[in-house]
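Working notes, beginning with the structure itself.
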Amino acid sequence: MYLENDRIRLRAPEPEDLEKYYIWENDTSLWVSGDAHLPYSRFDLKKLISSDDAKDFYSSKQIRFTIEQKSDNEAVGAMDLFDFSPFHKRAAVGALVDNAHRKKGYAAEAMGLLCDYALRFLKLHQVYAYVPEHNTASINMLERCGFTKQGLLPDWLQSENGYDSVYILSLLNRAD
């Protein structure tokens with residue numbers, strides 16, 4: 001099994017990705033969708049990239065991949081498996097594509113590779129995502145990848161406008 005297709009590959013973050021991760025992790029417009037609300041220093045990100053914990057999904061309960069264009073080896077985004085539950089055999093998925101590379105299909109291609117890895121190789125029973133109700137692009141992308149809406153969590157995320165509701169979408173491993 002390869003974590004690549006004709007156009008992209010998913011690979012471990014490398015030290016040369018540091019500046020892109022620094023920009024992505026410190027983009028405050030993305031903070032509303034997650035639990036990070038403080039900036040990351042380059043030092044912190046260097047430690048995360050080189051940490052042995054980051055390389056062991058079973059102990060850290062998370063793993064990050066860099067989405068790389070095969071044509072020029074440019075990092076165009078990141079994919080995460082996180083909140084891994086070994087007992088329930090499930091993990092959450094997250095995707096980020098750099099602003100300069102959005103609307104080019106990278107997220108859907110990377111999500112397909114990530115889900116194939118999670119369900120077939122790691123033998124997870126389920127992957128899931130929480131997506132703000134107004135983020136129709138992400139919802140549509142996940143549905144194209146086989147995810148289905150499981151429910152709506154009202155007022156789940158605090159935002160500039162008060163609170164946003166969030167869909168939970170999941171993809172089940174029908175082979176296990």
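Identifiers in this document derive from the order of the structure tokens: chains are assigned A, B, ..., residues are numbered from 1 separately in each chain, and ligands are numbered from 1 in order of occurrence.
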
Non-local contacts of Leu10 of chain A (6 Å; only C-alpha atoms; under 2 positions in same chain excluded) as a ChimeraX atom specification: /A:3,65-67

Polymer residues at most 12 Å from Cys115 of chain A, only C-alpha atoms, same-chain spacing of 5 or more positions, as a VMD selection string: chain A and resid 3 10 79 to 81 90 to 95 107 to 110 120 to 129 142 145 to 147 170 to 173

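Shortest separation to Ala100 of chain A among A:Gly77, A:Ala118, A:Asn5, A:Ala137 occurs at residue A:Gly77, atoms counted being only C-alpha atoms.
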
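Ranking A:Asp17, A:Glu4, A:Glu74, A:Asp98 by their shortest atom-to-atom distance to Ser50 of chain A, with only C-alpha atoms included, puts A:Asp17 first.
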
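Here atom CA of Asp56 of chain A stands at a distance of 11.6 Å from atom CA of Ala12 of chain A.
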
Nearest candidate to Lys149 of chain A (options A:Ala75, A:Glu68, A:Tyr130, A:Leu45; using only C-alpha atoms): A:Tyr130

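For the atom pair formed by atom CA of Leu169 of chain A and atom CA of Glu143 of chain A, the distance is 8.3 Å, given to one decimal.
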
Strand (DSSP E) per DSSP on the backbone: members of segment 23-161 of chain A, as number ranges by chain: A: 63-69, 75-85, 90-97, 126-132, 148-159

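Proximity ranking of A:Val97, A:Leu119, A:Ile139, A:Leu153 relative to Gln69 of chain A places A:Val97 first, based on only C-alpha atoms.
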
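The closest residue to Leu157 of chain A, picked from A:Arg144, A:Phe87, A:Tyr21, A:His134 and counting only C-alpha atoms, is A:His134.
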
Best match for closeness to Val76 of chain A among A:Asn161, A:Ser29, A:Asn99, A:Thr148, counting only C-alpha atoms: A:Asn99

In chain A, DSSP alpha helix (DSSP H) residues written as number ranges by chain: A: 18-25, 28-31, 42-50, 57-60, 106-116, 136-144

Atom pair atom CA of Asn135 of chain A / atom CA of Lys61 of chain A: separation (Å): 26.2 Å

For segment 163-165 of chain A: contacts at 10 Å, only C-alpha atoms, fewer than 4 positions along chain excluded, given as an NGL selection string: :A and (32-33 or 130-134 or 152-159)
